[in-house]
$ cat final_32.cif   # mmCIF, C-alpha atoms and all ligand atoms
data_query
loop_
_atom_site.label_atom_id
_atom_site.label_comp_id
_atom_site.auth_asym_id
_atom_site.auth_seq_id
_atom_site.Cartn_x
_atom_site.Cartn_y
_atom_site.Cartn_z
CA MET W 1 6.49 9.85 44.77
CA ASN W 2 6.87 7.94 41.51
CA ARG W 3 4.46 9.70 39.13
CA LEU W 4 4.09 6.47 37.16
CA GLU W 5 2.72 4.46 40.05
CA HIS W 6 -0.83 5.03 38.81
CA SER W 7 0.02 4.67 35.13
CA THR W 8 -1.21 1.98 32.77
CA ALA W 9 0.45 1.02 29.51
CA LEU W 10 -0.70 -1.30 26.74
CA VAL W 11 1.98 -2.83 24.51
CA THR W 12 1.18 -4.88 21.40
CA GLY W 13 3.37 -7.69 20.06
CA THR W 14 5.12 -8.60 23.30
CA THR W 15 5.80 -12.29 22.72
CA SER W 16 9.28 -11.51 21.40
CA GLY W 17 11.77 -8.79 20.54
CA LEU W 18 11.15 -5.12 21.18
CA GLY W 19 7.63 -5.47 22.59
CA TYR W 20 8.96 -7.85 25.23
CA ALA W 21 11.89 -5.54 26.00
CA ALA W 22 9.59 -2.49 26.17
CA ALA W 23 7.19 -4.24 28.58
CA ARG W 24 10.12 -5.06 30.84
CA LEU W 25 11.43 -1.47 30.70
CA LEU W 26 7.96 -0.09 31.55
CA ALA W 27 7.79 -2.31 34.66
CA ASP W 28 11.31 -1.19 35.65
CA LYS W 29 10.18 2.40 35.21
CA GLY W 30 7.36 1.96 37.71
CA TYR W 31 4.21 1.54 35.61
CA ARG W 32 1.46 0.15 37.82
CA GLU W 33 0.00 -2.00 35.08
CA VAL W 34 1.38 -3.14 31.72
CA ILE W 35 -1.18 -4.85 29.50
CA ILE W 36 0.73 -7.05 27.11
CA THR W 37 -0.74 -8.56 23.98
CA GLY W 38 -0.02 -11.60 21.86
CA ARG W 39 -1.87 -13.48 19.15
CA SER W 40 -2.78 -16.37 21.47
CA LEU W 41 -3.77 -16.16 25.11
CA ALA W 42 -1.63 -19.16 26.09
CA ARG W 43 1.48 -17.61 24.57
CA VAL W 44 0.97 -14.18 26.07
CA GLN W 45 0.20 -15.72 29.47
CA GLN W 46 3.55 -17.48 29.22
CA THR W 47 5.16 -14.13 28.28
CA ALA W 48 3.54 -12.48 31.32
CA ALA W 49 4.94 -15.21 33.58
CA GLU W 50 8.44 -14.77 32.12
CA LEU W 51 8.30 -10.99 32.50
CA ALA W 52 7.02 -11.27 36.07
CA ALA W 53 9.89 -13.63 36.94
CA GLU W 54 12.49 -11.39 35.27
CA THR W 55 11.30 -8.12 36.77
CA LYS W 56 10.08 -9.56 40.08
CA THR W 57 6.88 -7.52 39.69
CA GLN W 58 3.26 -8.52 39.18
CA VAL W 59 2.24 -5.68 36.87
CA PHE W 60 1.66 -7.64 33.64
CA THR W 61 -1.84 -8.40 32.35
CA PRO W 62 -1.96 -10.71 29.33
CA LEU W 63 -4.49 -9.93 26.60
CA GLU W 64 -5.15 -11.93 23.43
CA LEU W 65 -4.91 -9.76 20.32
CA ASP W 66 -4.37 -10.91 16.76
CA LEU W 67 -4.19 -7.72 14.71
CA ASP W 68 -4.95 -9.67 11.52
CA SER W 69 -8.41 -10.53 12.83
CA PRO W 70 -11.16 -7.89 13.25
CA LEU W 71 -12.96 -10.27 15.62
CA SER W 72 -9.90 -10.58 17.83
CA VAL W 73 -9.52 -6.76 17.97
CA GLN W 74 -13.21 -6.52 18.90
CA SER W 75 -12.84 -9.07 21.71
CA ALA W 76 -9.73 -7.34 23.06
CA LEU W 77 -11.60 -4.02 23.04
CA ALA W 78 -14.58 -5.61 24.81
CA GLU W 79 -12.20 -6.93 27.48
CA LEU W 80 -10.65 -3.47 27.93
CA VAL W 81 -14.09 -1.83 28.14
CA LYS W 82 -15.05 -4.33 30.86
CA ARG W 83 -11.99 -3.31 32.92
CA SER W 84 -12.66 0.37 32.19
CA LEU W 85 -9.18 1.54 33.28
CA PRO W 86 -7.82 4.43 31.17
CA ILE W 87 -4.58 3.79 29.30
CA ASP W 88 -1.84 6.39 29.65
CA PHE W 89 0.65 4.93 27.18
CA LEU W 90 -0.49 2.97 24.13
CA LEU W 91 2.50 1.34 22.47
CA LEU W 92 1.57 -0.05 19.04
CA ASN W 93 4.72 -2.07 18.53
CA ALA W 94 3.63 -5.22 16.65
CA GLY W 95 4.86 -5.46 13.09
CA MET W 96 6.56 -7.77 10.66
CA VAL W 97 8.86 -7.92 7.67
CA GLY W 98 7.33 -10.05 4.93
CA GLY W 99 9.14 -12.92 3.27
CA LYS W 100 9.76 -13.81 -0.37
CA LYS W 101 6.17 -14.94 -0.88
CA ARG W 102 3.36 -12.47 -0.66
CA VAL W 103 1.02 -13.24 2.24
CA LEU W 104 -2.48 -11.82 2.55
CA THR W 105 -4.71 -11.98 5.64
CA ALA W 106 -8.19 -13.50 5.45
CA GLU W 107 -9.46 -9.98 4.69
CA GLY W 108 -7.09 -9.66 1.74
CA ILE W 109 -4.65 -7.27 3.42
CA GLU W 110 -0.92 -7.44 2.72
CA ALA W 111 0.67 -9.02 5.85
CA ALA W 112 3.17 -6.22 6.50
CA GLN W 113 0.30 -3.70 6.38
CA ALA W 114 -2.11 -5.72 8.53
CA PRO W 115 -0.71 -4.61 11.92
CA LEU W 116 -1.53 -0.98 11.06
CA ILE W 117 -5.11 -1.87 10.15
CA GLY W 118 -5.47 -3.75 13.47
CA HIS W 119 -3.75 -0.93 15.38
CA HIS W 120 -6.09 1.60 13.76
CA ARG W 121 -9.15 -0.42 14.83
CA LEU W 122 -7.75 -0.77 18.36
CA THR W 123 -6.85 2.93 18.72
CA ILE W 124 -10.16 4.21 17.36
CA GLY W 125 -12.02 1.68 19.53
CA LEU W 126 -10.18 2.94 22.63
CA LEU W 127 -10.82 6.58 21.71
CA ARG W 128 -14.50 5.95 21.10
CA ALA W 129 -14.84 4.10 24.41
CA ASN W 130 -13.03 6.95 26.17
CA LEU W 131 -10.38 4.52 27.35
CA LEU W 132 -7.34 6.70 26.69
CA SER W 133 -6.48 9.11 29.49
CA PRO W 134 -6.75 12.85 28.62
CA ASN W 135 -2.95 13.16 28.35
CA ALA W 136 -2.36 9.78 26.73
CA ARG W 137 0.66 9.17 24.55
CA ILE W 138 0.39 6.84 21.55
CA VAL W 139 3.55 5.49 19.95
CA ILE W 140 3.48 3.37 16.81
CA ALA W 141 6.52 1.48 15.51
CA GLY W 142 7.97 3.05 12.40
CA ALA W 143 11.23 2.19 10.66
CA GLU W 144 14.02 4.01 8.85
CA PRO W 145 13.22 2.46 5.43
CA ALA W 146 10.22 4.86 5.29
CA ARG W 147 12.76 7.65 4.68
CA GLY W 148 14.10 6.15 1.48
CA ASP W 149 17.75 6.39 2.51
CA VAL W 150 18.33 2.79 3.62
CA PRO W 151 20.16 0.64 1.04
CA MET W 152 17.99 -2.07 -0.58
CA PHE W 153 14.73 -0.47 0.63
CA SER W 154 12.75 1.96 -1.47
CA TYR W 155 9.20 3.17 -1.02
CA THR W 156 6.47 3.68 -3.60
CA ASP W 157 5.83 7.19 -4.92
CA VAL W 158 2.12 7.37 -4.14
CA ALA W 159 1.46 10.50 -6.24
CA TYR W 160 3.06 8.81 -9.26
CA LEU W 161 1.19 5.52 -8.70
CA ALA W 162 -2.08 7.46 -8.32
CA ALA W 163 -1.48 9.44 -11.51
CA LYS W 164 -0.47 6.34 -13.48
CA GLN W 165 -3.05 3.82 -12.29
CA PHE W 166 -5.81 5.51 -10.31
CA HIS W 167 -6.79 8.71 -12.17
CA GLY W 168 -4.90 10.77 -9.58
CA ASP W 169 -6.77 9.27 -6.59
CA ARG W 170 -4.03 8.92 -3.96
CA SER W 171 -6.31 7.26 -1.46
CA ALA W 172 -7.03 4.51 -4.01
CA ALA W 173 -3.26 4.19 -4.54
CA VAL W 174 -2.63 3.76 -0.79
CA GLU W 175 -5.49 1.25 -0.62
CA ALA W 176 -3.83 -0.71 -3.42
CA LEU W 177 -0.59 -0.80 -1.41
CA VAL W 178 -2.45 -1.96 1.69
CA ARG W 179 -4.22 -4.67 -0.27
CA LYS W 180 -1.28 -5.22 -2.62
CA GLY W 181 -3.36 -4.80 -5.68
CA PRO W 182 -4.49 -4.13 -8.28
CA ASN W 183 -1.42 -3.04 -10.21
CA VAL W 184 1.04 -3.48 -7.32
CA LYS W 185 3.89 -5.93 -7.71
CA TYR W 186 4.99 -7.62 -4.47
CA GLU W 187 8.56 -7.12 -3.31
CA PRO W 188 9.17 -7.68 0.42
CA ASN W 189 11.53 -4.76 1.14
CA ARG W 190 9.30 -2.32 -0.73
CA ALA W 191 6.22 -3.69 1.04
CA TYR W 192 7.95 -3.08 4.40
CA ALA W 193 9.11 0.44 3.45
CA ASP W 194 5.60 1.26 2.20
CA ALA W 195 4.00 -0.15 5.38
CA LYS W 196 6.21 2.02 7.59
CA LEU W 197 5.72 5.09 5.39
CA ILE W 198 1.96 4.66 5.73
CA VAL W 199 2.45 4.28 9.51
CA ALA W 200 4.21 7.68 9.57
CA TRP W 201 1.42 9.29 7.50
CA TRP W 202 -1.25 7.68 9.72
CA ALA W 203 0.38 9.12 12.87
CA ALA W 204 0.45 12.60 11.31
CA ALA W 205 -3.21 12.34 10.30
CA LEU W 206 -4.28 10.95 13.69
CA ALA W 207 -2.47 13.80 15.49
CA ARG W 208 -4.81 16.28 13.78
CA ARG W 209 -7.81 14.37 15.12
CA LEU W 210 -6.78 13.86 18.77
CA SER W 211 -8.04 16.07 21.57
CA SER W 212 -5.53 18.70 22.70
CA GLY W 213 -3.87 16.88 25.64
CA MET W 214 -3.10 13.68 23.72
CA ALA W 215 -0.23 13.03 21.32
CA VAL W 216 0.84 10.37 18.85
CA TYR W 217 4.27 9.73 17.35
CA ALA W 218 5.68 7.20 14.90
CA VAL W 219 8.97 6.02 16.35
CA SER W 220 11.56 3.79 14.77
CA PRO W 221 13.34 1.64 17.32
CA GLY W 222 16.28 1.49 14.92
CA SER W 223 18.29 -1.52 13.85
CA ALA W 224 18.08 -4.34 16.39
CA PRO W 225 18.76 -7.62 14.60
CA ASP W 226 18.56 -9.77 17.75
CA THR W 227 14.77 -10.06 17.58
CA ASN W 228 12.46 -12.34 15.61
CA ALA W 229 11.96 -9.66 12.94
CA VAL W 230 14.43 -11.52 10.75
CA ARG W 231 12.32 -14.70 10.74
CA ASN W 232 11.03 -14.29 7.17
CA LEU W 233 14.33 -13.27 5.60
CA GLY W 234 16.07 -15.55 3.12
CA PRO W 235 19.04 -17.74 4.16
CA VAL W 236 21.66 -15.37 2.68
CA MET W 237 20.29 -12.40 4.59
CA LYS W 238 19.95 -14.42 7.78
CA SER W 239 23.28 -16.23 7.78
CA LEU W 240 25.50 -13.64 6.05
CA MET W 241 24.12 -10.11 5.91
CA ILE W 242 22.72 -9.91 9.46
CA PRO W 243 25.87 -11.29 11.17
CA LEU W 244 27.94 -8.89 9.02
CA THR W 245 25.71 -5.98 10.00
CA LYS W 246 26.34 -6.77 13.63
CA LEU W 247 30.08 -6.44 13.09
CA ILE W 248 29.88 -2.94 11.59
CA PRO W 249 29.92 -0.19 14.22
CA GLY W 250 26.72 1.87 14.27
CA MET W 251 24.70 -0.69 12.32
CA SER W 252 22.95 -2.41 15.21
CA GLN W 253 21.96 -2.04 18.83
CA THR W 254 20.49 -4.26 21.53
CA PRO W 255 16.70 -4.79 21.75
CA GLU W 256 16.74 -2.93 25.10
CA ILE W 257 18.37 0.18 23.63
CA ALA W 258 16.00 0.03 20.65
CA ALA W 259 12.91 -0.42 22.86
CA TYR W 260 14.01 2.42 25.09
CA ARG W 261 13.30 4.81 22.20
CA TYR W 262 9.59 4.09 22.65
CA LEU W 263 9.77 5.08 26.31
CA GLU W 264 11.74 8.19 25.47
CA ALA W 265 9.02 9.25 23.03
CA SER W 266 6.28 8.59 25.62
CA GLU W 267 7.55 11.70 27.40
CA PHE W 268 7.53 14.01 24.38
CA GLY W 269 5.12 16.96 24.30
CA THR W 270 2.01 17.66 22.27
CA ASP W 271 4.00 20.22 20.24
CA VAL W 272 5.66 17.40 18.30
CA SER W 273 2.57 15.22 17.98
CA GLY W 274 2.27 13.54 14.60
CA LYS W 275 5.99 13.53 13.88
CA PHE W 276 8.14 10.57 12.88
CA PHE W 277 11.18 10.06 15.12
CA ALA W 278 14.07 7.92 13.95
CA SER W 279 17.86 7.73 13.85
CA ALA W 280 19.59 10.68 12.19
CA PRO W 281 19.28 10.62 8.35
CA LYS W 282 21.22 7.73 6.75
CA LYS W 283 21.81 6.19 10.20
CA LEU W 284 20.14 3.19 11.81
CA THR W 285 21.13 3.68 15.46
CA GLY W 286 21.98 6.51 17.85
CA PRO W 287 19.80 9.30 19.23
CA ILE W 288 16.36 9.85 17.69
CA GLU W 289 15.22 13.05 16.04
CA ALA W 290 12.16 14.27 14.13
CA MET W 291 12.49 13.41 10.45
CA ARG W 292 12.26 16.30 7.97
CA HIS W 293 12.09 14.44 4.63
CA PRO W 294 9.46 16.26 2.52
CA HIS W 295 7.61 13.07 1.49
CA LEU W 296 6.92 12.31 5.17
CA HIS W 297 5.28 15.72 5.55
CA ASP W 298 3.11 15.58 2.42
CA ARG W 299 -0.28 16.42 3.90
CA THR W 300 -2.21 15.23 0.84
CA ASN W 301 -0.61 11.81 1.19
CA GLN W 302 -1.15 11.77 4.96
CA GLU W 303 -4.87 12.41 4.51
CA ALA W 304 -5.07 9.98 1.58
CA ALA W 305 -3.50 7.32 3.82
CA TRP W 306 -5.99 8.06 6.61
CA LYS W 307 -8.90 7.81 4.16
CA ALA W 308 -7.62 4.51 2.77
CA ILE W 309 -7.11 3.03 6.25
CA VAL W 310 -10.57 4.12 7.35
CA LYS W 311 -11.99 2.44 4.24
CA VAL W 312 -10.02 -0.80 4.56
CA SER W 313 -10.63 -1.11 8.31
CA GLY W 314 -14.25 0.07 8.12
CA THR W 315 -13.50 2.16 11.23
CA ASP W 316 -13.52 5.93 11.71
CA LEU W 317 -13.71 8.29 14.64
CA SER W 318 -17.19 9.45 15.54
CA PRO W 319 -17.64 13.21 15.09
CA ALA W 320 -17.65 13.57 18.90
CA CYS W 321 -14.03 12.40 19.14
CA SER W 322 -12.52 14.33 16.30
CA SER W 323 -11.57 17.98 16.41
CA ALA W 324 -11.77 19.98 13.18
CA VAL W 325 -9.34 18.74 10.54
CA SER W 326 -8.61 21.59 8.21
N1 LIG W 401 14.21 -5.17 14.95
C1 LIG W 401 14.48 -4.15 14.15
O1 LIG W 401 15.62 -3.99 13.66
C2 LIG W 401 13.43 -3.14 13.84
C3 LIG W 401 13.81 -1.95 13.19
C4 LIG W 401 12.85 -0.99 12.91
C5 LIG W 401 11.52 -1.23 13.25
N2 LIG W 401 11.18 -2.40 13.86
C6 LIG W 401 9.76 -2.59 14.22
O2 LIG W 401 9.69 -2.91 15.59
C7 LIG W 401 8.50 -3.69 15.84
C8 LIG W 401 8.87 -4.91 16.66
O3 LIG W 401 9.72 -5.76 15.87
P1 LIG W 401 10.72 -6.81 16.50
O4 LIG W 401 12.04 -6.54 15.90
O5 LIG W 401 10.59 -6.87 17.97
O6 LIG W 401 10.17 -8.15 15.82
P2 LIG W 401 9.62 -9.51 16.47
O7 LIG W 401 10.59 -10.04 17.46
O8 LIG W 401 9.24 -10.33 15.30
O9 LIG W 401 8.32 -9.06 17.27
C9 LIG W 401 7.14 -8.69 16.62
C10 LIG W 401 5.97 -8.91 17.54
O10 LIG W 401 4.80 -8.45 16.88
C11 LIG W 401 3.84 -9.51 16.85
N3 LIG W 401 3.02 -9.41 15.65
C12 LIG W 401 3.41 -9.24 14.36
N4 LIG W 401 2.37 -9.17 13.54
C13 LIG W 401 1.26 -9.30 14.34
C14 LIG W 401 -0.12 -9.32 14.09
N5 LIG W 401 -0.62 -9.19 12.87
N6 LIG W 401 -0.97 -9.49 15.13
C15 LIG W 401 -0.50 -9.60 16.39
N7 LIG W 401 0.81 -9.60 16.70
C16 LIG W 401 1.67 -9.45 15.68
C17 LIG W 401 4.67 -10.78 16.86
O11 LIG W 401 3.87 -11.87 17.27
P3 LIG W 401 4.01 -13.30 16.53
O12 LIG W 401 5.32 -13.86 16.98
O13 LIG W 401 2.82 -14.06 17.01
O14 LIG W 401 3.99 -13.02 15.05
C18 LIG W 401 5.74 -10.39 17.87
O15 LIG W 401 5.25 -10.49 19.19
C19 LIG W 401 7.92 -4.00 14.47
O16 LIG W 401 6.87 -3.11 14.19
C20 LIG W 401 9.09 -3.76 13.53
O17 LIG W 401 8.68 -3.45 12.23
C21 LIG W 401 12.09 -3.35 14.16
#
$ encode --input "final_32.cif" --output "structure tokens"
Amino acid sequence: MNRLEHSTALVTGTTSGLGYAAARLLADKGYREVIITGRSLARVQQTAAELAAETKTQVFTPLELDLDSPLSVQSALAELVKRSLPIDFLLLNAGMVGGKKRVLTAEGIEAAQAPLIGHHRLTIGLLRANLLSPNARIVIAGAEPARGDVPMFSYTDVAYLAAKQFHGDRSAAVEALVRKGPNVKYEPNRAYADAKLIVAWWAAALARRLSSGMAVYAVSPGSAPDTNAVRNLGPVMKSLMIPLTKLIPGMSQTPEIAAYRYLEASEFGTDVSGKFFASAPKKLTGPIEAMRHPHLHDRTNQEAAWKAIVKVSGTDLSPACSSAVS
């Protein structure tokens, strides 16, 4: 018997790219229900119809979810509570690379950071409503730039920023990165690297708060330029660098191969909960492994990131849901 025939997955950001590919792979794998989200109901309904036609299955349930909007997250949660079906695999895939111009959401959150704030609200809302199954797996999209070994991408040294600008308060420094200010200059590649570094820290901090059967991992799908992720890049990057990248062996992979990494991680154990899985160091494709870079494992920064995200999102776990965090 297919053990997935009773399983439910929820995938965010499915209207293009890796979220779309992951939803299709989950149906192929035998998931009974795949809840797919998109910013507008009309668009995600269209996505559900396309996926149903491609996979010849009727397992897709469209759900409106704009992670930039607290109200939209609340409505999506209310919808999920109404259905009251526990989720076995929560795939927090939505994300974006910012463009040349800094964009802030209505709440004043840097656009590349906003998906994490929305994902945090969604995850905590599901945990509080007891809507994740006891052995649920949570995967959030990370990216190799968080390691600091990808050319043209560097991340902010939070301890240094805290010491220089925030009297040593690292949580205030992370909050400044999330809100892009004060004292934070906008640069799109750095904003993306910072966003994905904070994702990795968030996963590590969440792992310490989950009940024992559940697990969370940050997972980089790796380089997959044939998605809409490139939409905000400048013309030189889009018309020269990306096509060149595709010609160099080992620099890119198909969206299906990239999305498959999420599914692979959904079967990892609780022993590696909280870890960041990505391509081998200095690589952007190939098999995934747990990253060992010391800055990813800095517990002070992980907890500072959690504190900042709780503050910015206004959402924390109730004491009933959290185990002791020492
Ligand atoms: N492709 C790569 O090479 C690569 C490498 C490493 C990591 N990643 C990560 O993989 C994930 C998927 O990227 P992709 O390449 O598939 O890009 P994509 O084709 O642009 O897909 C991103 C999806 O996320 C949605 N989304 C973005 N921000 C959102 C928000 N605030 N609220 C709701 N939905 C939102 C988009 O919806 P809209 O169209 O409505 O914006 C879209 O459905 C991202 O987290 C990305 O950072 C990608």
$ closest_residue --input "final_32.cif" --among "W:Ala141, W:Val103, W:Ala146, W:Ala176" --to "Ala258 of chain W" --atoms "only C-alpha atoms"
W:Ala141
$ axis_aligned_box --input "final_32.cif" --around "segment 149-162 of chain W" --padding-each-side "6 Å" --output "JSON"
{"center_x": 9.0, "center_y": 4.2, "center_z": -2.8, "size_x": 34.2, "size_y": 24.6, "size_z": 24.9}
$ closest_residue --input "final_32.cif" --among "W:Gly286, W:Gly99, W:Gly38, W:Gly17" --to "Lys238 of chain W" --atoms "only C-alpha atoms"
W:Gly99
$ closest_atom_pairs --input "final_32.cif" --of "chain W" --to "ligand LIG 401 (chain W)" --cutoff "6 Å" --atoms "only C-alpha atoms and all ligand atoms" --output "Markdown table"
| residue | atom | partner | partner_atom | distance |
| --- | --- | --- | --- | --- |
| W:Gly13 | CA | W:LIG401 | O15 | 3.5 |
| W:Thr14 | CA | W:LIG401 | O15 | 4.5 |
| W:Thr15 | CA | W:LIG401 | O15 | 4.0 |
| W:Ser16 | CA | W:LIG401 | O7 | 4.4 |
| W:Gly17 | CA | W:LIG401 | O5 | 3.4 |
| W:Leu18 | CA | W:LIG401 | O5 | 3.7 |
| W:Gly19 | CA | W:LIG401 | O5 | 5.7 |
| W:Gly38 | CA | W:LIG401 | N7 | 5.6 |
| W:Arg39 | CA | W:LIG401 | C15 | 5.0 |
| W:Leu65 | CA | W:LIG401 | C15 | 5.9 |
| W:Asp66 | CA | W:LIG401 | N6 | 4.0 |
| W:Leu67 | CA | W:LIG401 | N6 | 3.7 |
| W:Asp68 | CA | W:LIG401 | N5 | 4.6 |
| W:Asn93 | CA | W:LIG401 | C7 | 4.9 |
| W:Ala94 | CA | W:LIG401 | O10 | 3.4 |
| W:Gly95 | CA | W:LIG401 | O16 | 3.3 |
| W:Met96 | CA | W:LIG401 | O17 | 5.1 |
| W:Ala114 | CA | W:LIG401 | N5 | 5.8 |
| W:Pro115 | CA | W:LIG401 | N5 | 4.7 |
| W:Ala141 | CA | W:LIG401 | O16 | 4.8 |
| W:Gly142 | CA | W:LIG401 | C5 | 5.6 |
| W:Ala143 | CA | W:LIG401 | C4 | 4.2 |
| W:Ser220 | CA | W:LIG401 | C5 | 5.2 |
| W:Pro221 | CA | W:LIG401 | C4 | 5.2 |
| W:Gly222 | CA | W:LIG401 | C3 | 4.6 |
| W:Ser223 | CA | W:LIG401 | O1 | 3.6 |
| W:Ala224 | CA | W:LIG401 | O1 | 3.7 |
| W:Pro225 | CA | W:LIG401 | O1 | 4.9 |
| W:Thr227 | CA | W:LIG401 | O7 | 4.2 |
| W:Asn228 | CA | W:LIG401 | O7 | 3.5 |
| W:Ala229 | CA | W:LIG401 | O8 | 3.7 |
$ closest_atom_pairs --input "final_32.cif" --of "segment 143-257 of chain W" --to "segment 271-282 of chain W" --cutoff "7 Å" --atoms "all atoms listed in the file" --output "tab-separated table"
residue	atom	partner	partner_atom	distance
W:Glu144	CA	W:Ala278	CA	6.4
W:Asp149	CA	W:Lys282	CA	5.6
W:Val150	CA	W:Lys282	CA	6.5
W:Ala200	CA	W:Phe276	CA	5.9
W:Ala203	CA	W:Gly274	CA	5.1
W:Ala204	CA	W:Gly274	CA	3.9
W:Ala207	CA	W:Gly274	CA	4.8
W:Ala215	CA	W:Ser273	CA	4.9
W:Val216	CA	W:Ser273	CA	5.2
W:Tyr217	CA	W:Gly274	CA	5.1
W:Ala218	CA	W:Phe276	CA	4.6
W:Val219	CA	W:Phe277	CA	4.8
W:Ser220	CA	W:Ala278	CA	4.9
W:Gly222	CA	W:Ser279	CA	6.5
$ residues_around --input "final_32.cif" --residues "Ala136 of chain W" --least-positions-apart "2" --cutoff "9 Å" --atoms "only C-alpha atoms" --output "list in words"
Pro86, Ile87, Asp88, Phe89, Leu90, Leu132, Ser133, Pro134, Ile138, Gly213, Met214, Ala215, Val216 and Ser266 of chain W
$ closest_atom_pairs --input "final_32.cif" --of "segment 83-110 of chain W" --to "segment 313-316 of chain W" --cutoff "12 Å" --atoms "only C-alpha atoms" --output "JSON lines"
{"residue": "W:Glu107", "atom": "CA", "partner": "W:Ser313", "partner_atom": "CA", "distance": 9.7}
{"residue": "W:Gly108", "atom": "CA", "partner": "W:Ser313", "partner_atom": "CA", "distance": 11.3}
{"residue": "W:Ile109", "atom": "CA", "partner": "W:Ser313", "partner_atom": "CA", "distance": 9.9}
$ atom_distance --input "final_32.cif" --atom1 "atom CA of Glu256 of chain W" --atom2 "atom CA of Ala22 of chain W"
7.2 Å
$ atom_distance --input "final_32.cif" --atom1 "atom CA of Val230 of chain W" --atom2 "atom CA of Tyr186 of chain W"
18.3 Å
$ residues_around --input "final_32.cif" --residues "Ile35 of chain W" --least-positions-apart "6" --cutoff "9 Å" --atoms "only C-alpha atoms" --output "list in words"
Thr8, Ala9, Leu10, Val11, Thr12, Ala23, Val59, Phe60, Thr61, Pro62 and Leu63 of chain W
$ residues_around --input "final_32.cif" --residues "His6 of chain W" --least-positions-apart "6" --cutoff "9 Å" --atoms "only C-alpha atoms" --output "list in words"
Gly30, Tyr31, Arg32 and Glu33 of chain W
$ closest_residue --input "final_32.cif" --among "W:Ala42, W:Ala78, W:Leu317, W:Ala53" --to "Arg24 of chain W" --atoms "only C-alpha atoms"
W:Ala53
$ closest_residue --input "final_32.cif" --among "W:Asn130, W:Ser72, W:Leu25, W:Val97" --to "Ile257 of chain W" --atoms "only C-alpha atoms"
W:Leu25
$ atom_distance --input "final_32.cif" --atom1 "atom CA of Gly269 of chain W" --atom2 "atom CA of Arg208 of chain W"
14.5 Å
$ residues_around --input "final_32.cif" --residues "Ala49 of chain W" --least-positions-apart "5" --cutoff "9 Å" --atoms "only C-alpha atoms" --output "list in words"
Val44, Glu54, Gln58 and Phe60 of chain W
$ closest_residue --input "final_32.cif" --among "W:Gln113, W:Ser154, W:Gln46, W:Ser239" --to "Val178 of chain W" --atoms "all atoms listed in the file"
W:Gln113
